$ cat structure08.tsv   # TSV, C-alpha atoms and all ligand atoms
chain	number	residue	atom	x	y	z
A	295	MET	CA	0.00	0.00	0.00
A	296	LYS	CA	1.32	3.48	-0.88
A	297	ASN	CA	-1.08	6.01	0.66
A	298	PHE	CA	-3.85	5.45	3.21
A	299	THR	CA	-6.49	8.08	2.60
A	300	SER	CA	-9.61	5.88	2.52
A	301	ILE	CA	-10.67	2.49	3.86
A	302	ASN	CA	-10.82	1.43	0.20
A	303	ASP	CA	-7.03	1.74	-0.02
A	304	LEU	CA	-6.82	-1.57	1.86
A	305	ASP	CA	-6.63	-4.59	-0.44
A	306	SER	CA	-8.91	-6.52	1.93
A	307	LEU	CA	-10.66	-5.12	5.01
A	308	LYS	CA	-11.36	-8.60	6.37
A	309	LYS	CA	-7.71	-9.67	6.09
A	310	THR	CA	-6.45	-6.38	7.53
A	311	VAL	CA	-8.74	-6.71	10.58
A	312	GLN	CA	-7.41	-10.22	11.23
A	313	GLU	CA	-3.82	-8.98	10.84
A	314	ALA	CA	-4.51	-6.18	13.34
A	315	ILE	CA	-6.00	-8.63	15.86
A	316	ASP	CA	-2.91	-10.80	15.45
A	317	LEU	CA	-0.64	-7.77	15.87
A	318	LYS	CA	-2.49	-6.87	19.10
A	319	LYS	CA	-1.42	-10.19	20.65
A	320	ASN	CA	2.21	-9.09	20.39
A	321	GLU	CA	2.48	-5.47	19.38
A	322	LEU	CA	6.28	-5.53	19.19
A	323	GLN	CA	6.50	-8.39	16.68
A	324	TYR	CA	7.61	-5.98	13.92
A	325	GLU	CA	9.63	-3.67	16.16
A	326	THR	CA	12.53	-3.33	13.70
A	327	LEU	CA	10.49	-2.87	10.50
A	328	GLY	CA	10.66	0.92	10.79
A	329	THR	CA	14.18	1.29	12.16
A	330	GLY	CA	15.80	4.41	10.72
A	331	LYS	CA	12.48	5.63	9.31
A	332	THR	CA	10.66	8.79	10.42
A	333	ILE	CA	6.99	9.75	10.35
A	334	CYS	CA	5.81	13.38	10.55
A	335	LEU	CA	2.37	13.85	12.08
A	336	LEU	CA	0.92	17.19	10.98
A	337	PHE	CA	-2.09	18.51	12.90
A	338	PHE	CA	-4.24	21.33	11.60
A	339	ASN	CA	-6.82	20.48	14.34
A	340	ASN	CA	-7.01	19.14	17.87
A	341	SER	CA	-6.47	15.51	18.72
A	342	LEU	CA	-6.08	13.11	21.62
A	343	ARG	CA	-6.49	9.52	20.42
A	344	THR	CA	-5.18	10.03	16.91
A	345	ARG	CA	-2.08	11.85	18.07
A	346	LEU	CA	-1.14	9.41	20.83
A	347	SER	CA	-2.18	6.13	19.18
A	348	THR	CA	-0.44	6.95	15.90
A	349	GLN	CA	2.76	7.82	17.79
A	350	ILE	CA	2.58	4.57	19.76
A	351	ALA	CA	1.87	2.62	16.58
A	352	ALA	CA	4.93	4.13	14.87
A	353	GLN	CA	7.12	3.54	17.94
A	354	ASN	CA	5.95	-0.11	18.12
A	355	LEU	CA	7.34	-0.45	14.59
A	356	GLY	CA	10.66	1.14	15.58
A	357	MET	CA	10.02	4.45	13.80
A	358	ASN	CA	11.00	7.95	14.89
A	359	VAL	CA	8.07	10.32	15.28
A	360	ILE	CA	7.89	14.09	14.82
A	361	VAL	CA	4.64	15.87	15.68
A	362	MET	CA	3.83	19.37	14.52
A	363	ASN	CA	0.76	21.46	15.29
A	364	PHE	CA	0.27	23.68	12.26
A	365	GLY	CA	-2.26	25.89	14.00
A	366	SER	CA	0.18	27.20	16.57
A	367	GLU	CA	3.69	26.17	15.50
A	368	SER	CA	4.06	26.43	11.75
A	369	TRP	CA	3.66	29.03	9.04
A	370	GLN	CA	0.10	29.37	7.79
A	371	LEU	CA	-0.10	27.51	4.49
A	372	GLU	CA	-1.63	28.64	1.22
A	373	PHE	CA	-3.35	25.88	-0.80
A	374	GLU	CA	-4.71	27.84	-3.79
A	375	ASP	CA	-2.69	28.19	-6.98
A	376	GLY	CA	-1.69	31.55	-8.41
A	377	VAL	CA	-2.54	33.57	-5.29
A	378	VAL	CA	-0.78	36.86	-4.52
A	379	MET	CA	0.44	35.90	-1.06
A	380	ASN	CA	0.36	39.32	0.56
A	381	GLN	CA	-2.05	38.41	3.37
A	382	ASN	CA	-1.62	36.17	6.43
A	383	LYS	CA	-0.43	32.98	4.71
A	384	SER	CA	3.37	32.74	4.65
A	385	GLU	CA	4.16	29.54	2.76
A	386	HIS	CA	2.64	27.55	-0.11
A	387	VAL	CA	1.90	23.84	0.26
A	388	LYS	CA	4.03	23.26	-2.88
A	389	GLU	CA	7.23	24.07	-0.98
A	390	ALA	CA	6.07	22.83	2.43
A	391	ALA	CA	5.11	19.34	1.18
A	392	GLN	CA	8.37	18.92	-0.78
A	393	VAL	CA	10.49	20.11	2.15
A	394	ILE	CA	8.68	17.87	4.67
A	395	SER	CA	9.18	14.91	2.29
A	396	GLN	CA	12.95	15.36	2.61
A	397	TYR	CA	12.74	15.06	6.40
A	398	CYS	CA	10.54	11.99	6.73
A	399	ASP	CA	9.47	8.71	5.11
A	400	ILE	CA	5.73	8.98	5.80
A	401	VAL	CA	3.59	12.07	6.38
A	402	ALA	CA	0.28	11.86	8.26
A	403	ILE	CA	-2.20	14.71	8.18
A	404	ARG	CA	-5.23	15.85	10.18
A	405	ALA	CA	-7.25	18.59	8.50
A	406	PHE	CA	-10.96	18.79	9.33
A	407	ALA	CA	-13.68	20.05	7.05
A	408	SER	CA	-14.21	23.81	7.03
A	409	LEU	CA	-17.99	23.15	7.02
A	410	ALA	CA	-18.22	26.52	5.25
A	411	ASP	CA	-17.50	25.57	1.63
A	412	LYS	CA	-18.92	22.22	0.52
A	413	GLU	CA	-17.06	22.09	-2.79
A	414	LYS	CA	-13.68	22.87	-1.21
A	415	ASP	CA	-14.26	20.27	1.49
A	416	LYS	CA	-15.30	17.71	-1.13
A	417	ALA	CA	-12.09	18.46	-3.05
A	418	GLU	CA	-10.02	17.60	0.07
A	419	ILE	CA	-7.77	20.63	-0.51
A	420	VAL	CA	-5.25	19.91	2.27
A	421	LEU	CA	-4.96	16.13	1.94
A	422	ASN	CA	-4.90	16.12	-1.86
A	423	ASN	CA	-2.34	18.93	-2.10
A	424	PHE	CA	-0.03	17.01	0.22
A	425	LYS	CA	-0.65	13.90	-1.90
A	426	LYS	CA	0.16	15.91	-5.02
A	427	TYR	CA	3.34	17.61	-3.82
A	428	ALA	CA	4.78	15.19	-1.22
A	429	SER	CA	7.09	12.50	-2.51
A	430	VAL	CA	6.45	10.22	0.50
A	431	PRO	CA	3.32	8.21	1.40
A	432	VAL	CA	0.42	10.17	2.93
A	433	VAL	CA	-1.82	8.93	5.76
A	434	ASN	CA	-5.22	10.44	6.56
A	435	MET	CA	-5.65	11.20	10.28
A	436	GLU	CA	-9.14	12.70	9.59
A	437	SER	CA	-9.61	14.82	6.56
A	438	ALA	CA	-12.55	16.91	5.37
A	439	THR	CA	-14.57	13.88	4.28
A	440	GLY	CA	-13.09	10.81	5.97
A	441	HIS	CA	-11.50	9.27	9.04
A	442	PRO	CA	-10.40	5.84	7.83
A	443	LEU	CA	-8.07	5.05	10.77
A	444	GLN	CA	-11.12	5.38	13.03
A	445	ALA	CA	-13.23	3.21	10.74
A	446	LEU	CA	-10.57	0.50	10.72
A	447	ALA	CA	-10.41	0.59	14.54
A	448	ASP	CA	-14.23	0.30	14.53
A	449	ALA	CA	-14.04	-2.74	12.25
A	450	ILE	CA	-11.50	-4.39	14.57
A	451	THR	CA	-13.77	-3.66	17.57
A	452	ILE	CA	-16.88	-5.05	15.90
A	453	GLU	CA	-14.97	-8.19	14.91
A	454	GLU	CA	-13.83	-8.68	18.52
A	455	TYR	CA	-17.28	-8.18	20.07
A	456	LYS	CA	-19.69	-9.68	17.54
A	457	THR	CA	-21.50	-12.82	18.68
A	458	THR	CA	-23.21	-13.63	15.38
A	459	GLN	CA	-21.84	-14.00	11.88
A	460	LYS	CA	-24.01	-11.16	10.54
A	461	PRO	CA	-24.61	-8.61	13.33
A	462	LYS	CA	-27.10	-5.76	13.11
A	463	VAL	CA	-25.14	-2.49	13.29
A	464	VAL	CA	-26.88	0.88	13.61
A	465	LEU	CA	-25.24	4.26	12.99
A	466	SER	CA	-27.34	6.82	14.83
A	467	TRP	CA	-27.15	10.60	14.65
A	468	ALA	CA	-27.22	12.32	18.05
A	469	PRO	CA	-27.59	15.95	19.13
A	470	HIS	CA	-24.55	18.19	19.68
A	471	PRO	CA	-24.12	21.89	20.48
A	472	LYS	CA	-21.51	22.40	17.73
A	473	ALA	CA	-21.52	21.81	13.98
A	474	LEU	CA	-19.40	18.69	13.50
A	475	PRO	CA	-17.89	17.19	10.33
A	476	HIS	CA	-19.24	14.21	8.37
A	477	ALA	CA	-15.87	12.43	8.24
A	478	VAL	CA	-16.36	9.84	10.98
A	479	ALA	CA	-19.83	8.88	9.76
A	480	ASN	CA	-18.67	8.75	6.12
A	481	SER	CA	-15.77	6.39	6.82
A	482	PHE	CA	-17.86	4.23	9.13
A	483	ILE	CA	-20.37	3.83	6.28
A	484	ASP	CA	-17.58	3.07	3.74
A	485	MET	CA	-16.32	0.41	6.12
A	486	MET	CA	-19.74	-1.10	6.91
A	487	GLN	CA	-20.48	-1.43	3.20
A	488	LEU	CA	-17.55	-3.88	3.03
A	489	GLN	CA	-18.92	-5.98	5.92
A	490	ASP	CA	-21.31	-8.88	6.12
A	491	ALA	CA	-23.79	-7.12	8.40
A	492	ASP	CA	-27.34	-5.80	8.64
A	493	PHE	CA	-26.41	-2.11	8.55
A	494	VAL	CA	-28.90	0.70	9.22
A	495	ILE	CA	-28.37	4.48	9.39
A	496	THR	CA	-30.83	6.54	11.43
A	497	HIS	CA	-31.07	10.34	11.63
A	498	PRO	CA	-33.65	13.11	11.62
A	499	VAL	CA	-34.93	14.50	8.31
A	500	GLY	CA	-32.42	17.04	6.99
A	501	TYR	CA	-29.36	15.15	8.19
A	502	GLU	CA	-29.02	12.97	5.07
A	503	LEU	CA	-25.36	12.38	4.29
A	504	ASN	CA	-23.73	12.52	0.85
A	505	THR	CA	-25.61	9.95	-1.26
A	506	GLU	CA	-22.35	9.14	-3.10
A	507	ILE	CA	-21.28	7.64	0.24
A	508	THR	CA	-24.54	6.22	1.64
A	509	LYS	CA	-25.29	4.61	-1.77
A	510	SER	CA	-27.83	1.85	-1.12
A	511	SER	CA	-27.28	1.64	2.67
A	512	LYS	CA	-30.59	1.42	4.53
A	513	ILE	CA	-31.85	4.67	6.11
A	514	GLU	CA	-34.55	4.48	8.80
A	515	TYR	CA	-35.84	7.83	10.04
A	516	ASN	CA	-37.47	6.27	13.11
A	517	GLN	CA	-34.63	5.81	15.60
A	518	GLU	CA	-36.55	3.40	17.85
A	519	LYS	CA	-37.48	1.22	14.90
A	520	ALA	CA	-33.84	1.22	13.73
A	521	PHE	CA	-32.70	0.06	17.17
A	522	GLU	CA	-34.88	-3.08	17.24
A	523	ASN	CA	-32.65	-6.13	17.68
A	524	ALA	CA	-29.45	-4.21	17.08
A	525	ASP	CA	-26.16	-5.76	18.21
A	526	PHE	CA	-24.12	-2.53	17.95
A	527	ILE	CA	-25.27	1.07	18.34
A	528	TYR	CA	-22.70	3.53	16.96
A	529	VAL	CA	-23.63	7.08	17.91
A	530	LYS	CA	-22.21	10.17	16.20
A	531	ASN	CA	-23.30	13.70	15.58
A	532	TRP	CA	-22.82	15.39	12.22
A	533	SER	CA	-24.01	18.70	10.85
A	534	SER	CA	-26.37	18.92	7.90
A	535	TYR	CA	-24.86	17.98	4.54
A	536	LYS	CA	-27.67	19.44	2.42
A	537	ASP	CA	-27.77	22.73	4.34
A	538	TYR	CA	-24.02	22.47	4.51
A	539	GLY	CA	-22.43	22.68	7.96
A	540	LYS	CA	-25.61	23.86	9.71
A	541	VAL	CA	-27.07	22.62	12.99
A	542	LEU	CA	-30.73	22.19	12.04
A	543	ASN	CA	-32.07	20.98	15.34
A	544	ASN	CA	-30.71	19.73	18.61
A	545	ASP	CA	-33.64	17.52	19.44
A	546	PRO	CA	-32.67	15.98	22.82
A	547	ASP	CA	-34.99	13.05	22.00
A	548	TRP	CA	-32.19	11.70	19.81
A	549	MET	CA	-29.77	11.29	22.75
A	550	LEU	CA	-28.91	7.66	23.49
A	551	THR	CA	-30.61	6.54	26.72
A	552	VAL	CA	-30.98	3.31	28.66
A	553	ASN	CA	-34.61	3.04	27.56
A	554	LYS	CA	-33.54	3.10	23.93
A	555	MET	CA	-30.86	0.49	24.60
A	556	LYS	CA	-33.66	-1.76	25.92
A	557	LEU	CA	-35.05	-1.97	22.37
A	558	THR	CA	-31.83	-3.60	21.18
A	559	ASN	CA	-30.43	-7.09	21.42
A	560	SER	CA	-28.33	-6.02	24.43
A	561	ALA	CA	-26.30	-3.95	21.97
A	562	LYS	CA	-22.78	-2.72	22.49
A	563	PHE	CA	-22.46	1.06	22.58
A	564	MET	CA	-19.78	2.60	20.35
A	565	HIS	CA	-18.53	6.17	19.83
A	566	CYS	CA	-15.27	7.46	18.35
A	567	LEU	CA	-14.77	9.94	21.26
A	568	PRO	CA	-14.55	12.69	22.37
A	569	VAL	CA	-18.18	12.48	23.47
A	570	ARG	CA	-20.41	15.01	25.21
A	571	ARG	CA	-22.00	13.14	28.11
A	572	ASN	CA	-25.72	13.70	28.63
A	573	VAL	CA	-25.99	15.43	25.26
A	574	VAL	CA	-24.98	12.63	22.87
A	575	VAL	CA	-25.28	9.73	25.32
A	576	HIS	CA	-26.62	9.44	28.84
A	577	ASP	CA	-24.12	8.62	31.63
A	578	GLU	CA	-25.92	5.37	32.35
A	579	VAL	CA	-25.22	4.04	28.84
A	580	ILE	CA	-21.57	5.07	28.52
A	581	ASP	CA	-20.88	3.82	32.06
A	582	SER	CA	-22.67	0.51	31.46
A	583	GLU	CA	-21.08	-2.88	30.80
A	584	ASN	CA	-22.28	-2.65	27.19
A	585	SER	CA	-20.12	0.38	26.48
A	586	ILE	CA	-17.01	-0.56	24.49
A	587	VAL	CA	-15.70	2.94	23.77
A	588	ILE	CA	-12.47	2.49	25.75
A	589	GLU	CA	-11.52	-0.69	23.90
A	590	GLN	CA	-12.55	1.00	20.66
A	591	ALA	CA	-10.04	3.77	21.42
A	592	ASN	CA	-7.42	1.14	22.32
A	593	ASN	CA	-7.87	-0.35	18.86
A	594	ARG	CA	-6.80	2.96	17.31
A	595	THR	CA	-3.21	1.87	18.01
A	596	TYR	CA	-3.56	-1.41	16.09
A	597	SER	CA	-5.47	0.26	13.28
A	598	ALA	CA	-2.64	2.78	12.81
A	599	GLN	CA	0.05	0.15	13.31
A	600	ILE	CA	-1.27	-2.26	10.67
A	601	VAL	CA	-1.61	0.64	8.21
A	602	LEU	CA	1.95	1.89	8.88
A	603	LYS	CA	3.24	-1.68	8.62
A	604	LYS	CA	1.70	-2.08	5.16
A	605	ILE	CA	3.16	1.24	4.02
A	606	LEU	CA	6.64	0.47	5.43
A	607	GLU	CA	6.65	-2.88	3.63
A	608	ASN	CA	6.14	-0.99	0.38
A	609	ILE	CA	8.74	1.77	0.83
B	701	LIG	C1	-14.41	15.55	15.63
B	701	LIG	C2	-15.43	15.11	14.60
B	701	LIG	O1	-15.06	14.89	13.42
B	701	LIG	O2	-16.61	14.97	14.93
B	701	LIG	C3	-13.35	14.50	15.81
B	701	LIG	C4	-13.81	13.11	16.12
B	701	LIG	C5	-12.71	12.10	16.12
B	701	LIG	N1	-15.08	15.80	16.88
B	701	LIG	C6	-15.16	17.00	17.43
B	701	LIG	O3	-14.67	17.97	16.87
B	701	LIG	C7	-15.85	17.15	18.78
B	701	LIG	C8	-15.61	18.49	19.37
B	701	LIG	C9	-16.47	18.81	20.57
B	701	LIG	O4	-16.33	19.97	20.99
B	701	LIG	O5	-17.24	18.01	21.09

$ encode --input "structure08.tsv" --output "structure tokens"
Amino acid sequence: MKNFTSINDLDSLKKTVQEAIDLKKNELQYETLGTGKTICLLFFNNSLRTRLSTQIAAQNLGMNVIVMNFGSESWQLEFEDGVVMNQNKSEHVKEAAQVISQYCDIVAIRAFASLADKEKDKAEIVLNNFKKYASVPVVNMESATGHPLQALADAITIEEYKTTQKPKVVLSWAPHPKALPHAVANSFIDMMQLQDADFVITHPVGYELNTEITKSSKIEYNQEKAFENADFIYVKNWSSYKDYGKVLNNDPDWMLTVNKMKLTNSAKFMHCLPVRRNVVVHDEVIDSENSIVIEQANNRTYSAQIVLKKILENI
């Protein structure tokens, strides 16, 4: 594998999940694969899990890690071509990406959606410009439209906790005070479409995601109906896609509660974190035995590590 910018960059999701589960049994089994190699982690947005788990993953493979927060530590980058750069942006991505490529063997990038300009977000300006100008492999640590490292960790988690061959998995929208990106939901859907599962998406009217991503996935507008017999409930807020980046309603009825969990087949509760307690999910659910969010976050390490391993093997 050269770049990892989408779950579809994996040759086989099923095989990769098994490889990650095997890696988890002894995370240092490839500890010399990355000796002498360096990864640069570039953050244009905040992070906790992605930053730490990707560093641990790289270290488990023997790599050196450099982390840079572009918001506070670097020059502001220009991504448009032909711009007269007499404003606040000091450096063009053309130079930055080429220079960074000389210092490292893999570059990983976090750059959230602006949620202001749908077309620019769809064009993945930051990720694709790095892909265009960098001469080293590029890893997506959540871009404008996707978060494939999270989706791979979710796939590993579902594989570990499923009790039937074809589980029912529900992706449910939940309220949130802020306008959040579509990336986590998009990549979760991409990933679920590769699985043998009964997959249902539920959200209020107006929160339909990009149909190029949802394709023929089942959408059920009645949350309670969607929850019937579910084995996994994956909760996530996203802003409107149609009315781009807007919070249309914050209907508290969509929060995940114990009563709603009672409709399920004793479902496991999943969330990518960070999560707003008692807005997205009630304390009682996230603190219950059915909550697997901590293990889900643990799997971020093995998701990143199996991806870096595949890239290192190809350098
Ligand atoms: C991000 C998102 O894409 O939804 C990252 C998730 C991995 N989440 C947030 O920005 C939450 C911020 C908040 O204030 O709750």

$ atom_distance --input "structure08.tsv" --atom1 "atom CA of Ile400 of chain A" --atom2 "atom C5 of ligand LIG 701 (chain B)"
21.4 Å

$ residues_around --input "structure08.tsv" --residues "segment 551-560 of chain A" --least-positions-apart "3" --cutoff "9 Å" --atoms "only C-alpha atoms" --output "PyMOL selection string"
chain A and resi 517-519+521-527+548+563+572+575-579+584

$ residues_near_ligand --input "structure08.tsv" --ligand "ligand LIG 701 (chain B)" --cutoff "9 Å" --atoms "all atoms listed in the file" --output "VMD selection string"
chain A and resid 339 to 344 406 to 407 436 to 438 440 to 441 444 470 to 479 530 to 532 566 to 570

$ atom_distance --input "structure08.tsv" --atom1 "atom CA of Ala468 of chain A" --atom2 "atom CA of Asn543 of chain A"
10.3 Å

$ residues_around --input "structure08.tsv" --residues "Pro442 of chain A" --least-positions-apart "5" --cutoff "8 Å" --atoms "all atoms listed in the file" --output "PyMOL selection string"
chain A and resi 299-301+434-436+478+481-482

$ closest_residue --input "structure08.tsv" --among "A:Met362, A:Asn504, A:Leu322, A:Val430" --to "Ile605 of chain A" --atoms "only C-alpha atoms"
A:Val430

$ closest_residue --input "structure08.tsv" --among "A:Lys412, A:Lys296, A:Lys388, A:Arg345" --to "Lys540 of chain A" --atoms "all atoms listed in the file"
A:Lys412

$ residues_around --input "structure08.tsv" --residues "Lys603 of chain A" --least-positions-apart "5" --cutoff "12 Å" --atoms "all atoms listed in the file" --output "NGL selection string"
:A and (295-298 or 310 or 313-314 or 317 or 321-329 or 331 or 348 or 351-357 or 400 or 595-598 or 608-609)

$ atom_distance --input "structure08.tsv" --atom1 "atom CA of Thr457 of chain A" --atom2 "atom CA of Asp490 of chain A"
13.2 Å

$ build_atoms --input "structure08.tsv" --residues "segment 357-367 of chain A" --atoms "all heavy atoms" --output "PDB file, keeping the file's coordinate frame"
ATOM      1  N   MET A 357       9.848   3.185  14.534  1.00  0.00           N
ATOM      2  CA  MET A 357      10.020   4.450  13.800  1.00  0.00           C
ATOM      3  C   MET A 357      10.314   5.617  14.748  1.00  0.00           C
ATOM      4  O   MET A 357       9.943   5.591  15.920  1.00  0.00           O
ATOM      5  CB  MET A 357       8.745   4.810  13.024  1.00  0.00           C
ATOM      6  CG  MET A 357       8.335   3.827  11.983  1.00  0.00           C
ATOM      7  SD  MET A 357       6.949   4.469  10.998  1.00  0.00           S
ATOM      8  CE  MET A 357       7.825   5.508   9.825  1.00  0.00           C
ATOM      9  N   ASN A 358      10.915   6.660  14.197  1.00  0.00           N
ATOM     10  CA  ASN A 358      11.000   7.950  14.890  1.00  0.00           C
ATOM     11  C   ASN A 358       9.746   8.745  14.540  1.00  0.00           C
ATOM     12  O   ASN A 358       9.234   8.634  13.423  1.00  0.00           O
ATOM     13  CB  ASN A 358      12.221   8.745  14.403  1.00  0.00           C
ATOM     14  CG  ASN A 358      13.501   8.004  14.687  1.00  0.00           C
ATOM     15  OD1 ASN A 358      13.706   7.502  15.790  1.00  0.00           O
ATOM     16  ND2 ASN A 358      14.364   7.912  13.679  1.00  0.00           N
ATOM     17  N   VAL A 359       9.302   9.557  15.499  1.00  0.00           N
ATOM     18  CA  VAL A 359       8.070  10.320  15.280  1.00  0.00           C
ATOM     19  C   VAL A 359       8.314  11.797  15.537  1.00  0.00           C
ATOM     20  O   VAL A 359       8.921  12.166  16.547  1.00  0.00           O
ATOM     21  CB  VAL A 359       6.946   9.848  16.242  1.00  0.00           C
ATOM     22  CG1 VAL A 359       5.638  10.549  15.900  1.00  0.00           C
ATOM     23  CG2 VAL A 359       6.778   8.338  16.201  1.00  0.00           C
ATOM     24  N   ILE A 360       7.858  12.637  14.612  1.00  0.00           N
ATOM     25  CA  ILE A 360       7.890  14.090  14.820  1.00  0.00           C
ATOM     26  C   ILE A 360       6.442  14.587  14.708  1.00  0.00           C
ATOM     27  O   ILE A 360       5.738  14.249  13.746  1.00  0.00           O
ATOM     28  CB  ILE A 360       8.762  14.811  13.777  1.00  0.00           C
ATOM     29  CG1 ILE A 360      10.198  14.280  13.832  1.00  0.00           C
ATOM     30  CG2 ILE A 360       8.731  16.321  14.011  1.00  0.00           C
ATOM     31  CD1 ILE A 360      11.103  14.856  12.752  1.00  0.00           C
ATOM     32  N   VAL A 361       6.010  15.338  15.692  1.00  0.00           N
ATOM     33  CA  VAL A 361       4.640  15.870  15.680  1.00  0.00           C
ATOM     34  C   VAL A 361       4.702  17.380  15.523  1.00  0.00           C
ATOM     35  O   VAL A 361       5.520  18.033  16.165  1.00  0.00           O
ATOM     36  CB  VAL A 361       3.903  15.534  16.997  1.00  0.00           C
ATOM     37  CG1 VAL A 361       2.467  16.054  16.952  1.00  0.00           C
ATOM     38  CG2 VAL A 361       3.908  14.036  17.247  1.00  0.00           C
ATOM     39  N   MET A 362       3.864  17.915  14.669  1.00  0.00           N
ATOM     40  CA  MET A 362       3.830  19.370  14.520  1.00  0.00           C
ATOM     41  C   MET A 362       2.379  19.850  14.472  1.00  0.00           C
ATOM     42  O   MET A 362       1.554  19.320  13.723  1.00  0.00           O
ATOM     43  CB  MET A 362       4.531  19.752  13.220  1.00  0.00           C
ATOM     44  CG  MET A 362       4.738  21.232  13.130  1.00  0.00           C
ATOM     45  SD  MET A 362       6.167  21.578  12.105  1.00  0.00           S
ATOM     46  CE  MET A 362       6.244  23.330  12.349  1.00  0.00           C
ATOM     47  N   ASN A 363       2.092  20.844  15.300  1.00  0.00           N
ATOM     48  CA  ASN A 363       0.760  21.460  15.290  1.00  0.00           C
ATOM     49  C   ASN A 363       0.799  22.682  14.392  1.00  0.00           C
ATOM     50  O   ASN A 363       1.399  23.697  14.744  1.00  0.00           O
ATOM     51  CB  ASN A 363       0.352  21.855  16.708  1.00  0.00           C
ATOM     52  CG  ASN A 363       0.076  20.633  17.539  1.00  0.00           C
ATOM     53  OD1 ASN A 363      -0.619  19.719  17.111  1.00  0.00           O
ATOM     54  ND2 ASN A 363       0.640  20.588  18.728  1.00  0.00           N
ATOM     55  N   PHE A 364       0.182  22.574  13.222  1.00  0.00           N
ATOM     56  CA  PHE A 364       0.270  23.680  12.260  1.00  0.00           C
ATOM     57  C   PHE A 364      -0.450  24.925  12.745  1.00  0.00           C
ATOM     58  O   PHE A 364      -0.053  26.030  12.418  1.00  0.00           O
ATOM     59  CB  PHE A 364      -0.250  23.224  10.883  1.00  0.00           C
ATOM     60  CG  PHE A 364       0.876  22.788  10.003  1.00  0.00           C
ATOM     61  CD1 PHE A 364       1.552  21.613  10.274  1.00  0.00           C
ATOM     62  CD2 PHE A 364       1.300  23.567   8.949  1.00  0.00           C
ATOM     63  CE1 PHE A 364       2.626  21.217   9.491  1.00  0.00           C
ATOM     64  CE2 PHE A 364       2.376  23.189   8.155  1.00  0.00           C
ATOM     65  CZ  PHE A 364       3.040  22.016   8.426  1.00  0.00           C
ATOM     66  N   GLY A 365      -1.505  24.735  13.529  1.00  0.00           N
ATOM     67  CA  GLY A 365      -2.260  25.890  14.000  1.00  0.00           C
ATOM     68  C   GLY A 365      -1.404  26.858  14.804  1.00  0.00           C
ATOM     69  O   GLY A 365      -1.494  28.074  14.618  1.00  0.00           O
ATOM     70  N   SER A 366      -0.554  26.317  15.661  1.00  0.00           N
ATOM     71  CA  SER A 366       0.180  27.200  16.570  1.00  0.00           C
ATOM     72  C   SER A 366       1.684  27.255  16.289  1.00  0.00           C
ATOM     73  O   SER A 366       2.348  28.194  16.696  1.00  0.00           O
ATOM     74  CB  SER A 366      -0.040  26.739  18.006  1.00  0.00           C
ATOM     75  OG  SER A 366       0.346  25.383  18.138  1.00  0.00           O
ATOM     76  N   GLU A 367       2.230  26.266  15.581  1.00  0.00           N
ATOM     77  CA  GLU A 367       3.690  26.170  15.500  1.00  0.00           C
ATOM     78  C   GLU A 367       4.292  26.424  14.126  1.00  0.00           C
ATOM     79  O   GLU A 367       5.483  26.679  14.023  1.00  0.00           O
ATOM     80  CB  GLU A 367       4.140  24.766  15.958  1.00  0.00           C
ATOM     81  CG  GLU A 367       3.844  24.499  17.417  1.00  0.00           C
ATOM     82  CD  GLU A 367       4.007  23.031  17.795  1.00  0.00           C
ATOM     83  OE1 GLU A 367       4.260  22.199  16.913  1.00  0.00           O
ATOM     84  OE2 GLU A 367       3.870  22.737  18.979  1.00  0.00           O
TER      85      GLU A 367
END
